[in-house]
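Raw query00.pdb, PDB, C-alpha atoms and all ligand atoms:
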MODEL        1
ATOM      1  CA  MET A   1     -11.348  21.099  16.202
ATOM      2  CA  GLY A   2     -12.455  18.329  13.868
ATOM      3  CA  ARG A   3     -12.348  17.942  10.105
ATOM      4  CA  PHE A   4     -13.585  15.934   7.165
ATOM      5  CA  ALA A   5     -11.119  15.639   4.312
ATOM      6  CA  PRO A   6     -12.540  13.968   1.197
ATOM      7  CA  SER A   7     -10.670  13.348  -2.051
ATOM      8  CA  PRO A   8     -12.670  14.823  -4.937
ATOM      9  CA  THR A   9     -12.556  11.671  -7.059
ATOM     10  CA  GLY A  10     -16.360  11.545  -7.272
ATOM     11  CA  PRO A  11     -19.490  12.145  -5.178
ATOM     12  CA  LEU A  12     -19.682  10.803  -1.614
ATOM     13  CA  HIS A  13     -21.214   7.388  -0.825
ATOM     14  CA  ASP A  14     -22.538   6.081   2.502
ATOM     15  CA  GLY A  15     -19.026   5.123   3.655
ATOM     16  CA  SER A  16     -17.729   8.660   3.286
ATOM     17  CA  LEU A  17     -20.941  10.087   4.792
ATOM     18  CA  LEU A  18     -20.239   7.980   7.899
ATOM     19  CA  ALA A  19     -16.786   9.584   8.242
ATOM     20  CA  ALA A  20     -18.171  13.086   7.637
ATOM     21  CA  LEU A  21     -21.007  12.602  10.110
ATOM     22  CA  GLY A  22     -18.792  10.949  12.741
ATOM     23  CA  SER A  23     -16.286  13.802  12.670
ATOM     24  CA  TRP A  24     -19.061  16.428  12.700
ATOM     25  CA  LEU A  25     -20.879  14.756  15.635
ATOM     26  CA  ASP A  26     -17.679  14.418  17.613
ATOM     27  CA  ALA A  27     -16.822  18.110  17.129
ATOM     28  CA  ARG A  28     -20.355  19.238  17.993
ATOM     29  CA  ALA A  29     -20.660  16.966  21.027
ATOM     30  CA  HIS A  30     -17.446  18.448  22.413
ATOM     31  CA  GLY A  31     -18.523  22.029  21.653
ATOM     32  CA  GLY A  32     -15.867  22.213  18.948
ATOM     33  CA  ARG A  33     -15.622  23.465  15.401
ATOM     34  CA  TRP A  34     -15.683  21.398  12.217
ATOM     35  CA  LEU A  35     -13.778  21.983   8.985
ATOM     36  CA  VAL A  36     -13.866  20.572   5.472
ATOM     37  CA  ARG A  37     -10.686  20.196   3.452
ATOM     38  CA  ILE A  38     -10.660  19.007  -0.161
ATOM     39  CA  GLU A  39      -7.709  16.645  -0.578
ATOM     40  CA  ASP A  40      -6.999  17.292  -4.244
ATOM     41  CA  VAL A  41      -3.233  16.951  -3.950
ATOM     42  CA  ASP A  42      -3.201  13.960  -6.322
ATOM     43  CA  THR A  43      -4.614  15.959  -9.240
ATOM     44  CA  PRO A  44      -4.781  13.226 -11.925
ATOM     45  CA  ARG A  45      -7.172  11.235  -9.717
ATOM     46  CA  CYS A  46      -9.492  14.199  -9.132
ATOM     47  CA  SER A  47     -12.700  14.529 -11.051
ATOM     48  CA  PRO A  48     -13.762  18.022 -12.212
ATOM     49  CA  GLY A  49     -16.766  19.325 -10.286
ATOM     50  CA  ALA A  50     -16.602  16.565  -7.661
ATOM     51  CA  ASP A  51     -15.609  19.056  -4.959
ATOM     52  CA  ALA A  52     -18.727  21.184  -5.543
ATOM     53  CA  GLU A  53     -20.912  18.066  -5.593
ATOM     54  CA  ILE A  54     -19.389  16.838  -2.301
ATOM     55  CA  LEU A  55     -20.041  20.195  -0.600
ATOM     56  CA  ARG A  56     -23.627  20.156  -1.930
ATOM     57  CA  GLN A  57     -24.187  16.630  -0.540
ATOM     58  CA  LEU A  58     -22.789  17.642   2.864
ATOM     59  CA  ALA A  59     -24.883  20.822   3.019
ATOM     60  CA  GLY A  60     -28.001  18.804   2.157
ATOM     61  CA  CYS A  61     -27.283  16.719   5.256
ATOM     62  CA  GLY A  62     -26.821  19.812   7.453
ATOM     63  CA  LEU A  63     -23.037  19.348   7.572
ATOM     64  CA  VAL A  64     -21.750  22.858   6.933
ATOM     65  CA  PRO A  65     -18.147  23.758   7.804
ATOM     66  CA  ASP A  66     -17.487  26.491  10.381
ATOM     67  CA  ALA A  67     -14.742  28.125   8.288
ATOM     68  CA  PRO A  68     -14.003  28.485   4.563
ATOM     69  CA  VAL A  69     -13.154  25.207   2.815
ATOM     70  CA  TRP A  70      -9.469  24.532   2.071
ATOM     71  CA  TRP A  71      -8.201  23.020  -1.174
ATOM     72  CA  GLN A  72      -4.856  21.224  -0.868
ATOM     73  CA  SER A  73      -3.971  22.174  -4.446
ATOM     74  CA  ARG A  74      -3.645  25.778  -3.200
ATOM     75  CA  ARG A  75      -1.261  24.842  -0.383
ATOM     76  CA  GLN A  76       1.922  24.107  -2.366
ATOM     77  CA  ALA A  77       3.943  26.846  -0.633
ATOM     78  CA  ALA A  78       3.131  25.491   2.834
ATOM     79  CA  TYR A  79       4.165  21.954   1.858
ATOM     80  CA  GLN A  80       7.409  23.237   0.313
ATOM     81  CA  GLY A  81       8.106  25.220   3.500
ATOM     82  CA  ALA A  82       7.627  22.106   5.613
ATOM     83  CA  LEU A  83       9.916  20.062   3.358
ATOM     84  CA  ASP A  84      12.579  22.798   3.384
ATOM     85  CA  ALA A  85      12.485  22.919   7.194
ATOM     86  CA  MET A  86      12.991  19.156   7.388
ATOM     87  CA  LEU A  87      15.790  19.227   4.794
ATOM     88  CA  GLU A  88      17.553  21.923   6.804
ATOM     89  CA  GLN A  89      17.544  19.655   9.853
ATOM     90  CA  SER A  90      18.504  16.546   7.847
ATOM     91  CA  LEU A  91      15.112  15.050   8.723
ATOM     92  CA  ALA A  92      14.430  14.590   5.006
ATOM     93  CA  TYR A  93      16.655  13.838   2.033
ATOM     94  CA  GLY A  94      16.596  13.650  -1.739
ATOM     95  CA  CYS A  95      16.294  10.249  -3.402
ATOM     96  CA  ALA A  96      17.567   9.560  -6.913
ATOM     97  CA  CYS A  97      16.225   6.001  -7.171
ATOM     98  CA  SER A  98      13.983   4.949 -10.019
ATOM     99  CA  ARG A  99      11.339   2.287  -9.451
ATOM    100  CA  SER A 100      13.633  -0.357 -10.914
ATOM    101  CA  ASP A 101      16.560   0.780  -8.700
ATOM    102  CA  ILE A 102      14.350   0.272  -5.652
ATOM    103  CA  ALA A 103      13.085  -3.104  -6.863
ATOM    104  CA  ARG A 104      16.676  -4.280  -7.446
ATOM    105  CA  ALA A 105      17.853  -3.093  -4.029
ATOM    106  CA  ARG A 106      14.846  -4.694  -2.333
ATOM    107  CA  ALA A 107      15.588  -8.023  -3.971
ATOM    108  CA  THR A 108      18.921  -8.171  -2.164
ATOM    109  CA  ALA A 109      17.810  -6.593   1.141
ATOM    110  CA  PRO A 110      16.376  -8.880   3.826
ATOM    111  CA  LEU A 111      12.891  -8.050   5.077
ATOM    112  CA  ARG A 112      13.145  -6.440   8.477
ATOM    113  CA  SER A 113      10.170  -8.291   9.917
ATOM    114  CA  PRO A 114       8.261 -11.391   8.831
ATOM    115  CA  GLY A 115       5.359 -10.642   6.536
ATOM    116  CA  ALA A 116       6.333  -7.002   6.033
ATOM    117  CA  VAL A 117       6.033  -5.301   2.669
ATOM    118  CA  PRO A 118       9.552  -4.688   1.345
ATOM    119  CA  ALA A 119      10.524  -1.266   2.628
ATOM    120  CA  TYR A 120      12.583   1.416   0.864
ATOM    121  CA  PRO A 121      16.098   0.079   1.398
ATOM    122  CA  GLY A 122      17.634   3.459   2.272
ATOM    123  CA  THR A 123      19.885   3.640  -0.805
ATOM    124  CA  CYS A 124      20.139   7.477  -0.778
ATOM    125  CA  ARG A 125      20.242   7.993   3.011
ATOM    126  CA  ALA A 126      23.944   8.760   3.018
ATOM    127  CA  GLY A 127      23.822  11.129   0.038
ATOM    128  CA  LEU A 128      23.258  11.165  -3.706
ATOM    129  CA  ARG A 129      26.897  10.801  -4.822
ATOM    130  CA  GLY A 130      26.363  13.290  -7.632
ATOM    131  CA  ALA A 131      23.015  11.896  -8.781
ATOM    132  CA  VAL A 132      19.995  14.204  -9.099
ATOM    133  CA  ALA A 133      17.169  13.944  -6.570
ATOM    134  CA  ARG A 134      13.866  12.768  -8.103
ATOM    135  CA  ALA A 135      11.832  12.467  -4.913
ATOM    136  CA  TRP A 136      12.183  13.498  -1.284
ATOM    137  CA  ARG A 137      11.854  11.153   1.687
ATOM    138  CA  LEU A 138      11.504  11.411   5.459
ATOM    139  CA  ARG A 139      14.539  10.137   7.359
ATOM    140  CA  LEU A 140      13.005   7.829   9.966
ATOM    141  CA  PRO A 141      14.526   7.745  13.434
ATOM    142  CA  ASP A 142      16.586   4.602  14.012
ATOM    143  CA  PRO A 143      14.737   1.797  15.832
ATOM    144  CA  PRO A 144      13.262   1.897  18.427
ATOM    145  CA  GLY A 145      12.434   5.494  17.421
ATOM    146  CA  SER A 146      10.691   4.239  14.289
ATOM    147  CA  VAL A 147       8.232   2.221  16.394
ATOM    148  CA  VAL A 148       5.158   4.354  17.018
ATOM    149  CA  LEU A 149       2.731   3.661  19.850
ATOM    150  CA  TRP A 150      -0.560   5.499  19.572
ATOM    151  CA  GLN A 151      -3.961   5.369  21.182
ATOM    152  CA  ASP A 152      -7.114   5.049  19.097
ATOM    153  CA  ARG A 153     -10.344   5.950  20.883
ATOM    154  CA  ARG A 154     -12.094   2.911  19.426
ATOM    155  CA  LEU A 155      -9.347   0.406  18.571
ATOM    156  CA  GLY A 156      -7.246   0.958  21.693
ATOM    157  CA  MET A 157      -3.449   0.998  21.827
ATOM    158  CA  GLN A 158      -1.806   0.535  18.441
ATOM    159  CA  SER A 159       1.823  -0.109  17.576
ATOM    160  CA  GLU A 160       3.645   0.037  14.259
ATOM    161  CA  ASP A 161       7.289  -0.093  13.215
ATOM    162  CA  VAL A 162       7.327   2.308  10.280
ATOM    163  CA  ALA A 163      10.878   1.287   9.328
ATOM    164  CA  ALA A 164       9.707  -2.284   8.853
ATOM    165  CA  ARG A 165       6.455  -1.305   7.189
ATOM    166  CA  CYS A 166       7.687   1.061   4.497
ATOM    167  CA  GLY A 167      11.044   2.549   5.453
ATOM    168  CA  ASP A 168      11.862   6.187   4.712
ATOM    169  CA  PHE A 169       8.653   7.170   2.952
ATOM    170  CA  VAL A 170       8.115   9.706   0.192
ATOM    171  CA  LEU A 171       7.141  13.318   0.978
ATOM    172  CA  LYS A 172       7.344  14.701  -2.541
ATOM    173  CA  ARG A 173       7.021  12.348  -5.461
ATOM    174  CA  ALA A 174       9.167  12.078  -8.575
ATOM    175  CA  ASP A 175       6.265  13.518 -10.607
ATOM    176  CA  GLY A 176       6.434  16.678  -8.451
ATOM    177  CA  MET A 177       3.262  15.916  -6.491
ATOM    178  CA  TRP A 178       3.072  16.134  -2.728
ATOM    179  CA  ALA A 179       2.521  12.901  -0.860
ATOM    180  CA  TYR A 180      -0.815  12.522   0.908
ATOM    181  CA  GLN A 181       0.904  11.982   4.289
ATOM    182  CA  LEU A 182       2.804  15.279   4.181
ATOM    183  CA  ALA A 183      -0.190  17.323   3.018
ATOM    184  CA  VAL A 184      -2.448  15.902   5.752
ATOM    185  CA  VAL A 185       0.030  16.549   8.553
ATOM    186  CA  VAL A 186       0.905  20.089   7.432
ATOM    187  CA  ASP A 187      -2.762  21.015   7.019
ATOM    188  CA  ASP A 188      -3.991  19.408  10.253
ATOM    189  CA  ALA A 189      -1.312  21.384  12.110
ATOM    190  CA  ALA A 190      -2.048  24.634  10.252
ATOM    191  CA  GLN A 191      -5.783  24.295  10.915
ATOM    192  CA  GLY A 192      -5.333  23.413  14.588
ATOM    193  CA  VAL A 193      -7.076  20.041  14.237
ATOM    194  CA  THR A 194      -7.152  18.316  17.636
ATOM    195  CA  ASP A 195      -9.350  15.314  16.788
ATOM    196  CA  VAL A 196      -8.987  13.182  13.676
ATOM    197  CA  VAL A 197     -12.134  11.099  13.148
ATOM    198  CA  ARG A 198     -12.038   9.035   9.942
ATOM    199  CA  GLY A 199     -12.576   5.577   8.485
ATOM    200  CA  GLU A 200     -10.650   2.604   9.783
ATOM    201  CA  ASP A 201      -8.979   2.107   6.381
ATOM    202  CA  LEU A 202      -6.849   5.173   7.173
ATOM    203  CA  SER A 203      -5.657   3.867  10.563
ATOM    204  CA  THR A 204      -2.521   2.452   8.895
ATOM    205  CA  SER A 205      -1.506   6.016   7.946
ATOM    206  CA  SER A 206      -1.492   7.168  11.568
ATOM    207  CA  ALA A 207       1.995   5.966  12.554
ATOM    208  CA  ARG A 208       3.590   7.651   9.511
ATOM    209  CA  GLN A 209       1.659  10.839  10.215
ATOM    210  CA  ILE A 210       2.762  10.841  13.862
ATOM    211  CA  LEU A 211       6.439  10.548  12.840
ATOM    212  CA  LEU A 212       5.929  13.472  10.454
ATOM    213  CA  GLN A 213       4.268  15.515  13.213
ATOM    214  CA  ARG A 214       7.333  14.885  15.384
ATOM    215  CA  ALA A 215       9.679  15.893  12.551
ATOM    216  CA  LEU A 216       7.742  19.135  12.059
ATOM    217  CA  GLY A 217       7.307  19.880  15.766
ATOM    218  CA  ALA A 218       3.515  19.657  15.363
ATOM    219  CA  PRO A 219       1.216  18.259  18.067
ATOM    220  CA  THR A 220      -0.311  14.792  17.630
ATOM    221  CA  PRO A 221      -4.128  14.913  17.526
ATOM    222  CA  ARG A 222      -6.416  12.359  19.156
ATOM    223  CA  TYR A 223      -7.486   9.587  16.754
ATOM    224  CA  LEU A 224     -10.816   7.827  16.343
ATOM    225  CA  HIS A 225     -11.104   5.386  13.450
ATOM    226  CA  LEU A 226     -14.709   4.544  12.628
ATOM    227  CA  PRO A 227     -16.042   1.199  11.412
ATOM    228  CA  LEU A 228     -16.247   0.858   7.640
ATOM    229  CA  VAL A 229     -19.494   0.548   5.738
ATOM    230  CA  CYS A 230     -19.560  -2.682   3.726
ATOM    231  CA  ASP A 231     -21.731  -3.865   0.869
ATOM    232  CA  ALA A 232     -23.825  -7.050   0.912
ATOM    233  CA  ALA A 233     -20.746  -9.073  -0.055
ATOM    234  CA  GLY A 234     -18.820  -7.706   2.955
ATOM    235  CA  ARG A 235     -16.534  -5.489   0.879
ATOM    236  CA  LYS A 236     -15.749  -1.949   2.012
ATOM    237  CA  LEU A 237     -17.797   0.598   0.073
ATOM    238  CA  SER A 238     -15.598   2.453  -2.387
ATOM    239  CA  LYS A 239     -15.950   4.404  -5.571
ATOM    240  CA  GLN A 240     -13.675   1.893  -7.292
ATOM    241  CA  ALA A 241     -16.041  -0.937  -6.332
ATOM    242  CA  GLY A 242     -18.989   1.001  -7.709
ATOM    243  CA  ALA A 243     -20.511   2.421  -4.510
ATOM    244  CA  GLN A 244     -23.422   4.712  -5.354
ATOM    245  CA  PRO A 245     -23.586   8.386  -4.336
ATOM    246  CA  PHE A 246     -26.139   9.127  -1.620
ATOM    247  CA  ALA A 247     -29.034  11.543  -2.054
ATOM    248  CA  PRO A 248     -28.625  14.207   0.654
ATOM    249  CA  GLY A 249     -31.260  14.482   3.369
ATOM    250  CA  ALA A 250     -32.514  12.958   6.589
ATOM    251  CA  GLN A 251     -32.873   9.480   5.045
ATOM    252  CA  ALA A 252     -29.150   9.310   4.275
ATOM    253  CA  LEU A 253     -28.295  10.304   7.868
ATOM    254  CA  LEU A 254     -30.740   7.758   9.309
ATOM    255  CA  ARG A 255     -29.186   4.998   7.178
ATOM    256  CA  VAL A 256     -25.648   5.470   8.538
ATOM    257  CA  LEU A 257     -26.338   6.606  12.131
ATOM    258  CA  PRO A 258     -26.895   3.062  13.512
ATOM    259  CA  LYS A 259     -23.303   2.249  12.467
ATOM    260  CA  LEU A 260     -22.205   5.035  14.821
ATOM    261  CA  GLY A 261     -24.283   3.557  17.637
ATOM    262  CA  VAL A 262     -26.945   6.239  17.331
ATOM    263  CA  GLN A 263     -30.641   5.320  17.188
ATOM    264  CA  CYS A 264     -32.943   7.973  15.878
ATOM    265  CA  ASN A 265     -36.344   8.291  14.261
ATOM    266  CA  ALA A 266     -36.672  12.042  13.759
ATOM    267  CA  ALA A 267     -37.899  13.285  10.383
ATOM    268  CA  SER A 268     -36.005  16.479   9.575
ATOM    269  CA  VAL A 269     -32.278  16.893   9.076
ATOM    270  CA  ALA A 270     -32.091  19.383  11.965
ATOM    271  CA  ASP A 271     -33.944  17.067  14.372
ATOM    272  CA  VAL A 272     -31.882  14.029  13.351
ATOM    273  CA  LEU A 273     -28.639  15.916  13.942
ATOM    274  CA  ALA A 274     -29.771  17.363  17.280
ATOM    275  CA  SER A 275     -30.736  13.924  18.561
ATOM    276  CA  ALA A 276     -27.488  12.410  17.271
ATOM    277  CA  VAL A 277     -25.321  15.058  18.969
ATOM    278  CA  ALA A 278     -27.059  14.417  22.305
ATOM    279  CA  GLN A 279     -26.481  10.664  21.966
ATOM    280  CA  TRP A 280     -22.855  11.095  20.926
ATOM    281  CA  ARG A 281     -22.273  13.276  23.983
ATOM    282  CA  ALA A 282     -23.731  10.526  26.164
ATOM    283  CA  HIS A 283     -21.313   8.016  24.580
ATOM    284  CA  ARG A 284     -18.446   9.766  26.310
ATOM    285  CA  ALA A 285     -19.516   8.249  29.606
ATOM    286  CA  ARG A 286     -20.038   4.660  28.503
ATOM    287  CA  ARG A 287     -18.871   1.958  26.163
ATOM    288  CA  LEU A 288     -19.482   2.561  22.488
ATOM    289  CA  PRO A 289     -21.967   0.001  21.172
ATOM    290  CA  TRP A 290     -19.964  -0.428  17.962
ATOM    291  CA  SER A 291     -16.653  -1.207  19.631
ATOM    292  CA  GLY A 292     -15.100  -4.335  18.241
ATOM    293  CA  PRO A 293     -13.382  -7.137  20.146
ATOM    294  CA  GLY A 294     -10.111  -6.059  21.671
ATOM    295  CA  SER A 295     -10.966  -2.376  21.520
ATOM    296  CA  SER A 296     -10.961  -0.196  24.568
ATOM    297  CA  GLY A 297     -14.461   0.948  23.654
ATOM    298  CA  VAL A 298     -14.180   4.144  25.616
ATOM    299  CA  VAL A 299     -14.524   7.566  24.098
ATOM    300  CA  ALA A 300     -12.294   9.921  26.023
TER     301      ALA A 300
HETATM  302 ZN    ZN A 401      16.934   6.545  -3.314
ENDMDL
END
Translate this file's structure into structure tokens.
Amino acid sequence: MGRFAPSPTGPLHDGSLLAALGSWLDARAHGGRWLVRIEDVDTPRCSPGADAEILRQLAGCGLVPDAPVWWQSRRQAAYQGALDAMLEQSLAYGCACSRSDIARARATAPLRSPGAVPAYPGTCRAGLRGAVARAWRLRLPDPPGSVVLWQDRRLGMQSEDVAARCGDFVLKRADGMWAYQLAVVVDDAAQGVTDVVRGEDLSTSSARQILLQRALGAPTPRYLHLPLVCDAAGRKLSKQAGAQPFAPGAQALLRVLPKLGVQCNAASVADVLASAVAQWRAHRARRLPWSGPGSSGVVA
């Protein structure tokens, strides 16, 4: 089971098409199903109508989900249930710190590893001492339990110490919104997602998501992080940097397929996709042409 999970902050560009197409091809090549989930959990960043436009762009490229689309904004009860279960087991806790409290505590706390971003210092781990919880955080396992080893199908073995990177991270924010990490993990588990195929910029979320899966007793999916599409200046395509929406159709697919190691010169959307699925299936037996240095390069 694969999925594509766009944020509806605007129409899709070539970079997001690559992630959608990669996850669709991988599901199809393995005889699996493919889902679309609209990640509109951070409502102020969402743009009205962007979800419908995204689904129209995908459909115009032949990428049609095998089950009804999910909207994260309709999943509040499931996220609350997951948080309650973790609170019951002391795997999560309330945090009363304001931004300035955290900044002050960080200033006096030594960094746990060289070059790390200052992590949440754990002020509220032992209890709130009468203060009122503003946000809720995951209680990380003590090291070495906070060090996550995970295998990426393209990048190879990865390792991250989440305690050093960010500390006990937020599950529900002070403004009442659910954190991206919690929503993704709860929904991937609820939808039975076995293969996460997404852009490499999200690979740094994987270790946090794996710790959350463990806290919730959910299975860890296989991960494949795809190369990013860059502009002429070598910057990752993004809406913030002004990346243009793509016009749906065979031309859009043909433009991004070479970045997935697929060569194709068919004319119709259906023919392009059929050829791409056959090539993706063949990749399973050999090195991926787009594997970078140091990567294992083998699709399991
Ligand atoms: Zn706190």
Practice item. Grab me every residue within 12 Å of ligand ZN 401 (chain A), counting only C-alpha atoms and all ligand atoms, and send it over as JSON, numbers by chain. Key: {"A": [92, 93, 94, 95, 96, 97, 98, 99, 100, 101, 102, 103, 104, 105, 106, 119, 120, 121, 122, 123, 124, 125, 126, 127, 128, 129, 131, 132, 133, 134, 135, 136, 137, 138, 139, 167, 168, 169, 170, 173, 174]}
Review point. Any chance you could work out the residue set of the PyMOL selection byres (((chain A and resi 41) around 10) and not hetatm) here, as a PyMOL selection string?
Key: chain A and resi 7-8+38-40+42-46+71-76+177-180+183-184
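Take CA of Gly2 (chain A) and CA of Val269 (chain A): the distance between them is 20.4 Å.
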Point to revise | region 146-154 of chain A surroundings by all atoms listed in the file, 6 Å radius, close-in-sequence under 2 positions cut, as a PyMOL selection string | key: chain A and resi 141-144+156-163+207+223-224+295+297+299
Check your understanding: Do you know which residues the PyMOL selection byres (((chain A and resi 195-204) around 6) and not hetatm) returns on this file, as a VMD selection string?
Key -> chain A and resid 2 19 23 193 to 194 205 to 206 221 to 227
**Study point:** Of the listed residues A:Ala77, A:Ala85, A:Leu140, A:Ala5, that which approaches Leu58 (chain A) most closely, counting all atoms listed in the file
**Key:**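 Smallest distance to Leu58 (chain A) is found for A:Ala5.
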